[in-house]
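query-v1.cif, holding mmCIF, C-alpha atoms (C1' of nucleotides):
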data_target
loop_
_atom_site.label_atom_id
_atom_site.label_comp_id
_atom_site.auth_asym_id
_atom_site.auth_seq_id
_atom_site.Cartn_x
_atom_site.Cartn_y
_atom_site.Cartn_z
CA MET A 54 -33.26 -132.76 -4.03
CA PRO A 55 -33.30 -136.50 -3.51
CA PRO A 56 -30.31 -137.87 -1.59
CA THR A 57 -29.42 -140.12 -4.50
CA SER A 58 -26.42 -140.21 -6.82
CA PRO A 59 -23.25 -138.51 -5.60
CA PRO A 60 -22.11 -135.56 -7.71
CA PRO A 61 -20.52 -136.87 -10.91
CA SER A 62 -16.82 -136.06 -10.86
CA SER A 63 -15.14 -134.78 -13.96
CA THR A 64 -12.66 -137.08 -15.67
CA PRO A 65 -9.61 -135.15 -14.41
CA GLN A 66 -11.00 -135.36 -10.89
CA ARG A 67 -11.55 -139.09 -11.14
CA ILE A 68 -8.03 -139.53 -12.47
CA LEU A 69 -6.68 -137.52 -9.57
CA ASP A 70 -8.76 -139.56 -7.13
CA VAL A 71 -7.27 -142.83 -8.30
CA ALA A 72 -3.75 -141.45 -8.62
CA GLU A 73 -3.97 -139.96 -5.15
CA ARG A 74 -4.92 -143.27 -3.61
CA LEU A 75 -2.16 -145.07 -5.51
CA VAL A 76 0.50 -142.61 -4.39
CA GLN A 77 -0.71 -142.74 -0.80
CA THR A 78 -0.53 -146.53 -0.75
CA GLN A 79 2.26 -147.43 -3.21
CA GLY A 80 4.38 -144.31 -3.54
CA PHE A 81 5.05 -142.16 -6.59
CA ASN A 82 7.39 -144.75 -8.11
CA GLY A 83 5.06 -147.60 -7.21
CA PHE A 84 2.26 -146.99 -9.70
CA SER A 85 1.91 -146.27 -13.42
CA TYR A 86 -0.50 -144.73 -15.87
CA ALA A 87 -1.51 -148.28 -16.74
CA ASP A 88 -2.76 -148.80 -13.17
CA ILE A 89 -4.99 -145.74 -13.37
CA ALA A 90 -6.16 -146.57 -16.87
CA SER A 91 -7.25 -150.10 -16.06
CA GLU A 92 -9.13 -148.95 -12.99
CA LEU A 93 -11.02 -146.23 -14.86
CA HIS A 94 -11.47 -148.38 -17.98
CA VAL A 95 -9.78 -145.86 -20.24
CA THR A 96 -6.52 -145.97 -22.18
CA LYS A 97 -3.18 -144.55 -21.09
CA ALA A 98 -3.31 -142.15 -24.02
CA SER A 99 -6.51 -140.70 -22.63
CA LEU A 100 -4.81 -140.00 -19.34
CA HIS A 101 -2.00 -138.19 -21.12
CA TYR A 102 -4.60 -135.90 -22.69
CA HIS A 103 -5.56 -134.66 -19.22
CA PHE A 104 -2.13 -134.84 -17.60
CA ALA A 105 0.62 -134.68 -20.18
CA THR A 106 3.33 -136.13 -17.95
CA LYS A 107 3.51 -138.00 -14.69
CA ALA A 108 5.32 -135.02 -13.19
CA ALA A 109 2.39 -132.77 -14.14
CA LEU A 110 -0.05 -135.25 -12.62
CA GLY A 111 2.01 -135.38 -9.45
CA THR A 112 2.16 -131.61 -9.17
CA GLU A 113 -1.60 -131.29 -9.59
CA LEU A 114 -2.04 -134.03 -7.01
CA ILE A 115 -0.16 -132.10 -4.36
CA ALA A 116 -1.88 -128.82 -5.26
CA ARG A 117 -5.30 -130.39 -4.81
CA TYR A 118 -4.26 -132.11 -1.58
CA HIS A 119 -2.88 -128.85 -0.26
CA ASP A 120 -6.09 -126.99 -1.05
CA THR A 121 -8.32 -129.68 0.42
CA PHE A 122 -6.22 -129.71 3.56
CA GLN A 123 -6.22 -125.94 3.75
CA ARG A 124 -10.01 -125.96 3.57
CA ALA A 125 -10.19 -128.61 6.27
CA LEU A 126 -8.04 -126.44 8.53
CA ASP A 127 -10.21 -123.41 7.79
CA GLY A 128 -13.21 -125.55 8.71
CA ILE A 129 -11.66 -126.44 12.04
CA ASP A 130 -10.94 -122.78 12.74
CA ALA A 131 -14.55 -121.96 11.92
CA ASP A 132 -16.00 -124.75 14.06
CA GLU A 133 -13.84 -124.67 17.16
CA ARG A 134 -12.62 -121.97 19.49
CA ASP A 135 -10.66 -124.07 21.97
CA ALA A 136 -7.11 -124.78 20.81
CA ARG A 137 -7.23 -128.21 22.42
CA ARG A 138 -10.27 -129.13 20.35
CA LYS A 139 -8.65 -127.74 17.24
CA LEU A 140 -5.64 -129.97 17.85
CA ARG A 141 -7.84 -133.01 18.31
CA ARG A 142 -9.64 -132.28 15.08
CA TYR A 143 -6.29 -131.81 13.37
CA VAL A 144 -4.83 -135.14 14.38
CA ASP A 145 -8.14 -136.76 13.50
CA LEU A 146 -7.54 -135.67 9.92
CA TYR A 147 -4.45 -137.84 9.93
CA ALA A 148 -6.18 -140.72 11.66
CA GLY A 149 -8.88 -140.64 9.00
CA VAL A 150 -6.28 -141.03 6.27
CA LEU A 151 -4.67 -144.00 8.01
CA ARG A 152 -8.04 -145.67 8.51
CA LYS A 153 -8.34 -145.76 4.74
CA ASP A 154 -5.04 -147.66 4.72
CA ARG A 155 -3.27 -144.67 3.29
CA LEU A 156 -0.39 -142.51 4.33
CA CYS A 157 -0.31 -138.74 4.12
CA LEU A 158 0.24 -137.92 0.44
CA CYS A 159 3.16 -135.66 1.24
CA GLY A 160 4.61 -138.00 3.84
CA MET A 161 4.74 -140.62 1.14
CA LEU A 162 6.22 -138.19 -1.36
CA ALA A 163 8.78 -137.16 1.23
CA SER A 164 10.15 -140.67 1.12
CA ASP A 165 10.27 -140.54 -2.69
CA PHE A 166 11.76 -137.08 -2.40
CA ALA A 167 15.13 -137.72 -4.04
CA THR A 168 13.46 -138.98 -7.22
CA LEU A 169 10.86 -136.21 -7.57
CA PRO A 170 11.00 -133.40 -10.13
CA ARG A 171 11.69 -129.96 -8.69
CA PRO A 172 8.11 -128.61 -8.76
CA MET A 173 6.92 -131.58 -6.72
CA LYS A 174 9.71 -131.18 -4.17
CA ASP A 175 8.78 -127.56 -3.64
CA ALA A 176 5.11 -128.40 -3.32
CA VAL A 177 5.80 -131.11 -0.71
CA ARG A 178 7.71 -128.62 1.42
CA ARG A 179 4.91 -126.10 1.08
CA PHE A 180 2.47 -128.68 2.42
CA PHE A 181 4.63 -129.23 5.48
CA ASP A 182 4.99 -125.47 5.85
CA LEU A 183 1.20 -125.13 5.83
CA ASN A 184 0.85 -127.77 8.53
CA GLU A 185 3.56 -126.35 10.72
CA ARG A 186 2.28 -122.80 10.43
CA TRP A 187 -1.27 -123.80 11.31
CA VAL A 188 -0.28 -125.98 14.25
CA ALA A 189 2.10 -123.32 15.55
CA ARG A 190 -0.67 -120.71 15.39
CA VAL A 191 -3.10 -122.96 17.23
CA LEU A 192 -0.52 -123.77 19.87
CA GLU A 193 0.04 -120.06 20.36
CA GLU A 194 -3.69 -119.49 20.71
CA GLY A 195 -3.81 -122.19 23.35
CA ARG A 196 -0.85 -120.77 25.18
CA LYS A 197 -2.47 -117.35 25.35
CA ALA A 198 -5.72 -118.89 26.57
CA ARG A 199 -3.72 -120.97 29.07
CA THR A 200 -5.24 -124.20 27.74
CA VAL A 201 -2.02 -125.39 26.12
CA ARG A 202 1.28 -125.85 27.86
CA LEU A 203 4.40 -125.55 25.72
CA GLY A 204 7.94 -126.49 26.64
CA GLY A 205 9.42 -124.20 24.01
CA ALA A 206 8.70 -122.10 20.96
CA ALA A 207 5.38 -122.96 19.34
CA ALA A 208 7.03 -123.23 15.91
CA GLU A 209 9.48 -125.82 17.23
CA VAL A 210 6.80 -127.85 18.97
CA ALA A 211 4.66 -127.70 15.84
CA ARG A 212 7.47 -129.02 13.67
CA THR A 213 8.10 -131.90 16.01
CA LEU A 214 4.41 -132.74 16.22
CA VAL A 215 3.91 -132.77 12.46
CA ALA A 216 6.99 -134.91 11.91
CA ALA A 217 5.99 -137.30 14.68
CA LEU A 218 2.53 -137.72 13.18
CA GLU A 219 4.04 -138.59 9.81
CA GLY A 220 6.30 -141.16 11.41
CA ALA A 221 3.57 -142.65 13.53
CA MET A 222 1.42 -143.17 10.45
CA LEU A 223 4.30 -144.75 8.60
CA VAL A 224 5.11 -147.27 11.29
CA ALA A 225 1.51 -148.01 12.23
CA ARG A 226 0.67 -148.89 8.63
CA SER A 227 3.52 -151.43 8.56
CA TYR A 228 1.73 -153.25 11.34
CA GLY A 229 -1.69 -152.69 9.79
CA ASP A 230 -2.67 -151.36 13.17
CA VAL A 231 -4.42 -148.00 13.45
CA SER A 232 -4.51 -148.28 17.25
CA ARG A 233 -0.74 -147.97 17.21
CA PHE A 234 -1.16 -144.56 15.64
CA GLU A 235 -3.90 -143.59 18.04
CA ALA A 236 -1.78 -144.57 21.01
CA ALA A 237 1.09 -142.43 19.69
CA LEU A 238 -1.35 -139.55 19.24
CA GLU A 239 -2.26 -139.65 22.89
CA ARG A 240 1.39 -139.62 23.92
CA LEU A 241 2.12 -136.67 21.67
CA VAL A 242 -0.95 -134.51 22.21
CA THR A 243 -1.95 -135.14 25.82
CA PRO A 244 1.18 -133.55 27.31
CA LEU A 245 0.32 -130.41 25.39
CA VAL A 246 -3.37 -130.10 26.12
CA THR A 247 -3.27 -131.14 29.75
CA ARG A 248 -2.70 -128.48 32.32
CA GLN A 249 -0.12 -130.58 34.08
CA ARG A 250 0.96 -134.20 34.00
CA SER A 251 -1.94 -136.22 35.39
CA MET B 680 49.76 -153.19 11.06
CA PRO B 681 49.98 -149.99 9.01
CA PRO B 682 46.81 -147.91 8.98
CA THR B 683 46.61 -148.12 5.21
CA SER B 684 44.08 -149.68 2.85
CA PRO B 685 40.63 -150.38 4.27
CA PRO B 686 39.65 -154.04 4.37
CA PRO B 687 38.66 -155.18 0.87
CA SER B 688 34.96 -156.01 0.85
CA SER B 689 33.69 -159.06 -0.93
CA THR B 690 31.62 -158.55 -4.05
CA PRO B 691 28.33 -159.39 -2.34
CA GLN B 692 29.18 -156.90 0.39
CA ARG B 693 29.94 -154.16 -2.11
CA ILE B 694 26.69 -154.88 -3.91
CA LEU B 695 24.82 -154.63 -0.63
CA ASP B 696 26.62 -151.39 0.22
CA VAL B 697 25.50 -149.72 -3.00
CA ALA B 698 22.00 -151.18 -2.86
CA GLU B 699 21.61 -150.09 0.73
CA ARG B 700 22.50 -146.51 -0.08
CA LEU B 701 20.16 -146.51 -3.07
CA VAL B 702 17.24 -147.84 -1.04
CA GLN B 703 17.91 -145.35 1.75
CA THR B 704 17.91 -142.44 -0.67
CA GLN B 705 15.58 -143.47 -3.52
CA GLY B 706 13.38 -146.19 -2.08
CA PHE B 707 13.05 -149.83 -3.09
CA ASN B 708 11.09 -148.94 -6.24
CA GLY B 709 13.42 -146.06 -7.03
CA PHE B 710 16.50 -147.98 -8.10
CA SER B 711 17.35 -150.87 -10.40
CA TYR B 712 20.02 -153.50 -10.92
CA ALA B 713 21.32 -151.27 -13.71
CA ASP B 714 22.06 -148.53 -11.15
CA ILE B 715 24.13 -150.87 -9.01
CA ALA B 716 25.84 -152.41 -12.02
CA SER B 717 27.00 -149.11 -13.50
CA GLU B 718 28.33 -147.90 -10.18
CA LEU B 719 30.32 -151.09 -9.58
CA HIS B 720 31.35 -151.42 -13.25
CA VAL B 721 29.88 -154.88 -13.57
CA THR B 722 26.93 -156.22 -15.57
CA LYS B 723 23.42 -156.83 -14.33
CA ALA B 724 23.90 -160.54 -15.00
CA SER B 725 26.76 -160.56 -12.54
CA LEU B 726 24.54 -159.08 -9.86
CA HIS B 727 21.95 -161.78 -10.47
CA TYR B 728 24.63 -164.38 -9.80
CA HIS B 729 25.00 -163.06 -6.25
CA PHE B 730 21.38 -162.09 -5.65
CA ALA B 731 19.03 -164.02 -7.89
CA THR B 732 16.10 -161.64 -7.52
CA LYS B 733 15.53 -158.12 -6.30
CA ALA B 734 13.38 -159.53 -3.52
CA ALA B 735 16.30 -161.70 -2.38
CA LEU B 736 18.61 -158.71 -2.46
CA GLY B 737 16.10 -156.69 -0.45
CA THR B 738 15.72 -159.40 2.15
CA GLU B 739 19.49 -159.70 2.59
CA LEU B 740 19.68 -155.95 2.85
CA ILE B 741 17.32 -155.82 5.80
CA ALA B 742 18.98 -158.80 7.48
CA ARG B 743 22.39 -157.13 7.32
CA TYR B 744 20.95 -153.80 8.49
CA HIS B 745 19.21 -155.54 11.37
CA ASP B 746 22.41 -157.29 12.45
CA THR B 747 24.53 -154.16 12.16
CA PHE B 748 21.99 -152.26 14.20
CA GLN B 749 21.76 -155.02 16.77
CA ARG B 750 25.53 -154.90 17.18
CA ALA B 751 25.45 -151.13 17.55
CA LEU B 752 22.87 -151.47 20.31
CA ASP B 753 24.96 -154.14 22.01
CA GLY B 754 27.91 -151.75 21.80
CA ILE B 755 25.91 -149.01 23.50
CA ASP B 756 24.89 -151.40 26.26
CA ALA B 757 28.54 -152.36 26.72
CA ASP B 758 29.81 -148.76 26.75
CA GLU B 759 27.20 -146.96 28.82
CA ARG B 760 25.50 -147.60 32.12
CA ASP B 761 23.31 -144.51 32.33
CA ALA B 762 20.02 -144.93 30.50
CA ARG B 763 20.07 -141.27 29.53
CA ARG B 764 23.44 -141.70 27.84
CA LYS B 765 22.21 -144.85 26.12
CA LEU B 766 19.29 -142.93 24.72
CA ARG B 767 21.55 -140.18 23.44
CA ARG B 768 23.77 -142.71 21.76
CA TYR B 769 20.70 -144.35 20.27
CA VAL B 770 19.28 -141.23 18.67
CA ASP B 771 22.79 -140.37 17.47
CA LEU B 772 22.67 -143.53 15.37
CA TYR B 773 19.72 -142.04 13.53
CA ALA B 774 21.34 -138.62 13.24
CA GLY B 775 24.39 -140.24 11.69
CA VAL B 776 22.25 -141.83 9.00
CA LEU B 777 20.57 -138.54 8.16
CA ARG B 778 23.92 -136.74 7.98
CA LYS B 779 24.79 -139.07 5.13
CA ASP B 780 21.60 -137.80 3.40
CA ARG B 781 19.93 -141.12 3.97
CA LEU B 782 16.80 -142.28 5.72
CA CYS B 783 16.56 -145.30 7.96
CA LEU B 784 16.52 -148.32 5.64
CA CYS B 785 13.39 -149.69 7.25
CA GLY B 786 11.71 -146.31 7.50
CA MET B 787 12.13 -146.04 3.75
CA LEU B 788 10.90 -149.58 3.22
CA ALA B 789 7.93 -148.85 5.44
CA SER B 790 6.78 -146.30 2.91
CA ASP B 791 7.22 -148.85 0.10
CA PHE B 792 5.52 -151.41 2.32
CA ALA B 793 2.47 -152.16 0.17
CA THR B 794 4.65 -153.13 -2.78
CA LEU B 795 7.13 -155.33 -0.88
CA PRO B 796 7.21 -159.13 -1.02
CA ARG B 797 6.15 -160.87 2.16
CA PRO B 798 9.60 -161.77 3.50
CA MET B 799 10.64 -158.14 3.31
CA LYS B 800 7.50 -156.95 5.05
CA ASP B 801 8.12 -159.33 7.93
CA ALA B 802 11.76 -158.27 8.17
CA VAL B 803 10.84 -154.59 8.29
CA ARG B 804 8.49 -155.21 11.20
CA ARG B 805 11.18 -157.21 12.99
CA PHE B 806 13.53 -154.24 12.71
CA PHE B 807 10.96 -151.98 14.34
CA ASP B 808 10.35 -154.64 16.98
CA LEU B 809 14.08 -154.71 17.73
CA ASN B 810 14.17 -150.94 18.13
CA GLU B 811 11.08 -150.76 20.28
CA ARG B 812 12.20 -153.59 22.53
CA TRP B 813 15.63 -152.08 23.08
CA VAL B 814 14.33 -148.58 23.74
CA ALA B 815 11.64 -149.91 26.09
CA ARG B 816 14.24 -151.85 28.04
CA VAL B 817 16.50 -148.82 28.34
CA LEU B 818 13.59 -146.65 29.45
CA GLU B 819 12.76 -149.21 32.12
CA GLU B 820 16.36 -149.23 33.29
CA GLY B 821 16.23 -145.46 33.57
CA ARG B 822 12.96 -145.53 35.42
CA LYS B 823 14.34 -147.95 37.98
CA ALA B 824 17.46 -145.81 38.38
CA ARG B 825 15.22 -142.73 38.63
CA THR B 826 17.08 -141.04 35.80
CA VAL B 827 14.23 -141.32 33.34
CA ARG B 828 10.72 -140.05 33.86
CA LEU B 829 7.96 -141.81 31.97
CA GLY B 830 4.38 -140.68 31.52
CA GLY B 831 3.19 -144.20 30.78
CA ALA B 832 4.23 -147.72 29.95
CA ALA B 833 7.81 -147.94 28.69
CA ALA B 834 6.71 -150.01 25.69
CA GLU B 835 4.25 -147.32 24.64
CA VAL B 836 6.74 -144.50 25.05
CA ALA B 837 9.30 -146.51 23.11
CA ARG B 838 6.92 -147.05 20.21
CA THR B 839 6.11 -143.38 20.04
CA LEU B 840 9.76 -142.39 20.21
CA VAL B 841 10.83 -144.76 17.44
CA ALA B 842 7.99 -143.64 15.18
CA ALA B 843 8.69 -139.98 15.89
CA LEU B 844 12.35 -140.43 15.01
CA GLU B 845 11.41 -142.00 11.69
CA GLY B 846 9.07 -139.14 10.89
CA ALA B 847 11.54 -136.48 11.97
CA MET B 848 14.16 -137.95 9.62
CA LEU B 849 11.67 -138.08 6.77
CA VAL B 850 10.59 -134.47 7.07
CA ALA B 851 14.06 -133.10 7.85
CA ARG B 852 15.46 -134.67 4.69
CA SER B 853 12.81 -132.94 2.59
CA TYR B 854 14.27 -129.67 3.77
CA GLY B 855 17.85 -130.90 3.47
CA ASP B 856 18.22 -129.70 7.03
CA VAL B 857 19.72 -131.98 9.66
CA SER B 858 19.26 -129.34 12.35
CA ARG B 859 15.52 -129.81 11.97
CA PHE B 860 16.01 -133.40 13.03
CA GLU B 861 18.30 -132.46 15.87
CA ALA B 862 15.80 -129.93 17.17
CA ALA B 863 13.07 -132.56 17.11
CA LEU B 864 15.37 -134.93 18.97
CA GLU B 865 15.73 -132.45 21.81
CA ARG B 866 11.97 -132.01 22.05
CA LEU B 867 11.42 -135.75 22.14
CA VAL B 868 14.25 -136.90 24.39
CA THR B 869 14.73 -134.06 26.83
CA PRO B 870 11.33 -134.49 28.53
CA LEU B 871 12.31 -138.09 29.20
CA VAL B 872 15.82 -137.66 30.53
CA THR B 873 15.24 -134.55 32.58
CA ARG B 874 14.10 -134.94 36.12
CA GLN B 875 11.38 -132.37 35.66
CA ARG B 876 10.58 -129.70 33.14
CA SER B 877 13.35 -127.08 33.37
"C1'" DG C 921 -11.96 -136.43 -25.45
"C1'" DT C 922 -11.06 -141.09 -26.33
"C1'" DC C 923 -9.30 -144.46 -29.15
"C1'" DT C 924 -5.47 -147.66 -31.75
"C1'" DA C 925 -0.95 -148.15 -32.56
"C1'" DT C 926 3.56 -147.54 -31.66
"C1'" DA C 927 7.86 -145.52 -30.50
"C1'" DG C 928 11.94 -145.73 -27.59
"C1'" DG C 929 13.49 -146.95 -23.38
"C1'" DT C 930 14.10 -149.56 -19.05
"C1'" DG C 931 12.52 -153.11 -15.76
"C1'" DG C 932 13.94 -157.85 -13.74
"C1'" DA C 933 15.62 -162.04 -15.14
"C1'" DT C 934 17.88 -166.07 -17.90
"C1'" DA C 935 21.06 -168.93 -21.18
"C1'" DG C 936 25.31 -170.10 -22.23
"C1'" DA C 937 30.27 -168.83 -23.47
"C1'" DC C 938 34.53 -167.89 -21.17
"C1'" DG D 112 32.29 -165.29 -11.12
"C1'" DT D 113 31.81 -162.35 -14.91
"C1'" DC D 114 30.70 -161.69 -19.46
"C1'" DT D 115 27.51 -161.09 -24.04
"C1'" DA D 116 23.27 -161.55 -25.72
"C1'" DT D 117 18.66 -161.83 -25.27
"C1'" DC D 118 13.70 -162.25 -23.59
"C1'" DC D 119 9.53 -160.21 -22.51
"C1'" DA D 120 6.91 -157.37 -19.76
"C1'" DC D 121 6.33 -152.85 -18.61
"C1'" DC D 122 7.32 -147.88 -18.61
"C1'" DT D 123 6.29 -142.87 -20.17
"C1'" DA D 124 4.98 -140.57 -23.98
"C1'" DT D 125 3.37 -139.34 -28.84
"C1'" DA D 126 0.95 -139.48 -33.57
"C1'" DG D 127 -3.03 -139.52 -35.77
"C1'" DA D 128 -7.80 -141.55 -36.68
"C1'" DC D 129 -12.48 -141.12 -35.03
#
Could you write out this structure as structure tokens?
Amino acid sequence: MPPTSPPPSSTPQRILDVAERLVQTQGFNGFSYADIASELHVTKASLHYHFATKAALGTELIARYHDTFQRALDGIDADERDARRKLRRYVDLYAGVLRKDRLCLCGMLASDFATLPRPMKDAVRRFFDLNERWVARVLEEGRKARTVRLGGAAAEVARTLVAALEGAMLVARSYGDVSRFEAALERLVTPLVTRQRS
Amino acid sequence: MPPTSPPPSSTPQRILDVAERLVQTQGFNGFSYADIASELHVTKASLHYHFATKAALGTELIARYHDTFQRALDGIDADERDARRKLRRYVDLYAGVLRKDRLCLCGMLASDFATLPRPMKDAVRRFFDLNERWVARVLEEGRKARTVRLGGAAAEVARTLVAALEGAMLVARSYGDVSRFEAALERLVTPLVTRQRS
DNA sequence: GTCTATAGGTGGATAGAC
DNA sequence: GTCTATCCACCTATAGAC
């Protein structure tokens, strides 16, 4: 097979791609069907055929993001055995998002939280749950292998780490400065993966 | 003077009070002049008399928030001498906001950042600058007094702390659970103010 | 599955009376 | 300083032709 044309996405997928980027950059209340339509050169009515309401589109958006993220985490588990390397790969997922000038989809939706329909609220929390559970498990693995040093319960440390990553992305983007995020990463992760303070 | 009626706020102040709460809960793109008007039982036209445009209102909002925060930090400096106590008072400012079911005004605006007019963007960054400068100074004070232990440059630790607080508020609010924020606080602050890991 | 056309509502903002 | 009335652009969403 020649390494030419990328696989043609279905129309719903392309809609989700554009919507995802718009939410990650502008927020759920910061874009409209018209924005997606003009970018894809289709009409708003056509979008409503695939996603009847904005709430439905938003819910699908989170579901796809969740699944993609889940697969990425599975990939890390398959590739790496060292908890420290798993953690690095994990935070790199976030760094990759920020490098595209985006925020975490669910971090963004968390700030729009009060205005979201119920199904979206629940889905946002489930995304955070997924993150916290995975990080907590990896921290536990590292603790057992004596490659990670924890100052408390893994679940607590995981929650703090996930929240701190979301905040670091948020602030770093305001300065348009990815290195701000990367510096925060080091501060947050190094104390965990180092045997003792250097 | 009898401890009766609270001081009557001017109309612009009351407008700012309502707008501030709406931004902190719904985001800058999640409320309208109509929302403020109905709550204050005035017309939208009346609001435009005091704040010609939404951008002007937003800019005033950040300026007032900045000043109020600056005064709160000055108050902490006046009240406390121990850097550890200053830090506790500082993070309590954030906890107080979250207990009112709000996010930091500028944390919220940071997520709306891409859609904000220039003057608001600049003002948001200045608020973060203020926070980071103050925290860095307090950390330095603590380091000199040997009551604070830093694993790096005070400015870097301050940046990470401020960003982590913003993220911890964001996530905690999605769960409607202030204790989540408080737990994160302990994880973030305790390693700084304790002489050594317990 | 995409279009035209449109409904019904809300957005920020303005003119001019009081 | 607040009101009524209004503008126009935009919003989400639907009906019905192709």
Residue by residue, what does the PyMOL selection byres ((chain B and resi 692) around 12) grab here? Present the result as a list of chain:residue names.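 Output from the PyMOL selection byres ((chain B and resi 692) around 12), applied to this file: B:Pro686, B:Pro687, B:Ser688, B:Ser689, B:Thr690, B:Pro691, B:Arg693, B:Ile694, B:Leu695, B:Asp696, B:Val697, B:Ala698, B:Glu699, B:Leu719, B:Leu726, B:His729, B:Phe730, B:Leu736, B:Glu739, B:Leu740, B:Arg743, B:Tyr744.
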Apply the PyMOL selection byres ((chain B) within 8 of (chain A)) to the file shown and report the selected residues as a VMD selection string. chain B and resid 704 to 706 708 to 709 786 to 787 789 to 794 800 803 to 804 830 835 to 836 838 to 839 842 to 847 849 to 850 852 to 854 862 to 863 866 to 867 876
Same residues, C-alpha atoms, output as a PDB file, in the frame of the given file:
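The result, stored in selection.pdb:
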ATOM      1  CA  THR B 704      17.910-142.440  -0.670  1.00  0.00           C
ATOM      2  CA  GLN B 705      15.580-143.470  -3.520  1.00  0.00           C
ATOM      3  CA  GLY B 706      13.380-146.190  -2.080  1.00  0.00           C
ATOM      4  CA  ASN B 708      11.090-148.940  -6.240  1.00  0.00           C
ATOM      5  CA  GLY B 709      13.420-146.060  -7.030  1.00  0.00           C
ATOM      6  CA  GLY B 786      11.710-146.310   7.500  1.00  0.00           C
ATOM      7  CA  MET B 787      12.130-146.040   3.750  1.00  0.00           C
ATOM      8  CA  ALA B 789       7.930-148.850   5.440  1.00  0.00           C
ATOM      9  CA  SER B 790       6.780-146.300   2.910  1.00  0.00           C
ATOM     10  CA  ASP B 791       7.220-148.850   0.100  1.00  0.00           C
ATOM     11  CA  PHE B 792       5.520-151.410   2.320  1.00  0.00           C
ATOM     12  CA  ALA B 793       2.470-152.160   0.170  1.00  0.00           C
ATOM     13  CA  THR B 794       4.650-153.130  -2.780  1.00  0.00           C
ATOM     14  CA  LYS B 800       7.500-156.950   5.050  1.00  0.00           C
ATOM     15  CA  VAL B 803      10.840-154.590   8.290  1.00  0.00           C
ATOM     16  CA  ARG B 804       8.490-155.210  11.200  1.00  0.00           C
ATOM     17  CA  GLY B 830       4.380-140.680  31.520  1.00  0.00           C
ATOM     18  CA  GLU B 835       4.250-147.320  24.640  1.00  0.00           C
ATOM     19  CA  VAL B 836       6.740-144.500  25.050  1.00  0.00           C
ATOM     20  CA  ARG B 838       6.920-147.050  20.210  1.00  0.00           C
ATOM     21  CA  THR B 839       6.110-143.380  20.040  1.00  0.00           C
ATOM     22  CA  ALA B 842       7.990-143.640  15.180  1.00  0.00           C
ATOM     23  CA  ALA B 843       8.690-139.980  15.890  1.00  0.00           C
ATOM     24  CA  LEU B 844      12.350-140.430  15.010  1.00  0.00           C
ATOM     25  CA  GLU B 845      11.410-142.000  11.690  1.00  0.00           C
ATOM     26  CA  GLY B 846       9.070-139.140  10.890  1.00  0.00           C
ATOM     27  CA  ALA B 847      11.540-136.480  11.970  1.00  0.00           C
ATOM     28  CA  LEU B 849      11.670-138.080   6.770  1.00  0.00           C
ATOM     29  CA  VAL B 850      10.590-134.470   7.070  1.00  0.00           C
ATOM     30  CA  ARG B 852      15.460-134.670   4.690  1.00  0.00           C
ATOM     31  CA  SER B 853      12.810-132.940   2.590  1.00  0.00           C
ATOM     32  CA  TYR B 854      14.270-129.670   3.770  1.00  0.00           C
ATOM     33  CA  ALA B 862      15.800-129.930  17.170  1.00  0.00           C
ATOM     34  CA  ALA B 863      13.070-132.560  17.110  1.00  0.00           C
ATOM     35  CA  ARG B 866      11.970-132.010  22.050  1.00  0.00           C
ATOM     36  CA  LEU B 867      11.420-135.750  22.140  1.00  0.00           C
ATOM     37  CA  ARG B 876      10.580-129.700  33.140  1.00  0.00           C
TER      38      ARG B 876
END
Counting only C-alpha atoms (C1' of nucleotides), give me one row per residue of chain D with an atom at most 10 Å from an atom of chain A, showing the shortest contact pair and its distance in Å to one decimal, sorted by chain then residue number, as a Markdown table.
| residue | atom | partner | partner_atom | distance |
| --- | --- | --- | --- | --- |
| D:DC121 | C1' | A:Ala87 | CA | 9.3 |
| D:DC122 | C1' | A:Ser85 | CA | 7.7 |
| D:DT123 | C1' | A:Thr106 | CA | 7.7 |
| D:DA124 | C1' | A:Thr106 | CA | 7.7 |
| D:DT125 | C1' | A:Ala98 | CA | 8.7 |
Test item: residues at most 10 Å from region 125-140 of chain A, all atoms listed in the file, excluding those fewer than 6 positions along its chain, as a short mmCIF file (atom, residue, chain, number, x, y, z; two decimals) with C-alpha atoms, in the coordinates of the input:
data_model
loop_
_atom_site.label_atom_id
_atom_site.label_comp_id
_atom_site.auth_asym_id
_atom_site.auth_seq_id
_atom_site.Cartn_x
_atom_site.Cartn_y
_atom_site.Cartn_z
CA HIS A 119 -2.88 -128.85 -0.26
CA LEU A 146 -7.54 -135.67 9.92
CA LEU A 183 1.20 -125.13 5.83
CA ASN A 184 0.85 -127.77 8.53
CA TRP A 187 -1.27 -123.80 11.31
CA VAL A 188 -0.28 -125.98 14.25
CA ARG A 190 -0.67 -120.71 15.39
CA VAL A 191 -3.10 -122.96 17.23
CA LEU A 192 -0.52 -123.77 19.87
CA GLU A 193 0.04 -120.06 20.36
CA GLU A 194 -3.69 -119.49 20.71
CA GLY A 195 -3.81 -122.19 23.35
CA ARG A 196 -0.85 -120.77 25.18
CA LYS A 197 -2.47 -117.35 25.35
CA ALA A 198 -5.72 -118.89 26.57
CA ARG A 199 -3.72 -120.97 29.07
CA THR A 200 -5.24 -124.20 27.74
CA VAL A 201 -2.02 -125.39 26.12
CA VAL A 242 -0.95 -134.51 22.21
CA THR A 243 -1.95 -135.14 25.82
CA LEU A 245 0.32 -130.41 25.39
CA VAL A 246 -3.37 -130.10 26.12
CA THR A 247 -3.27 -131.14 29.75
#
At a cut-off of 12 Å, using only C-alpha atoms (C1' of nucleotides), what residues contact region 126-129 of chain D? Leave out same-chain residues fewer than 2 positions from it and give the result as a count of residues only. 9
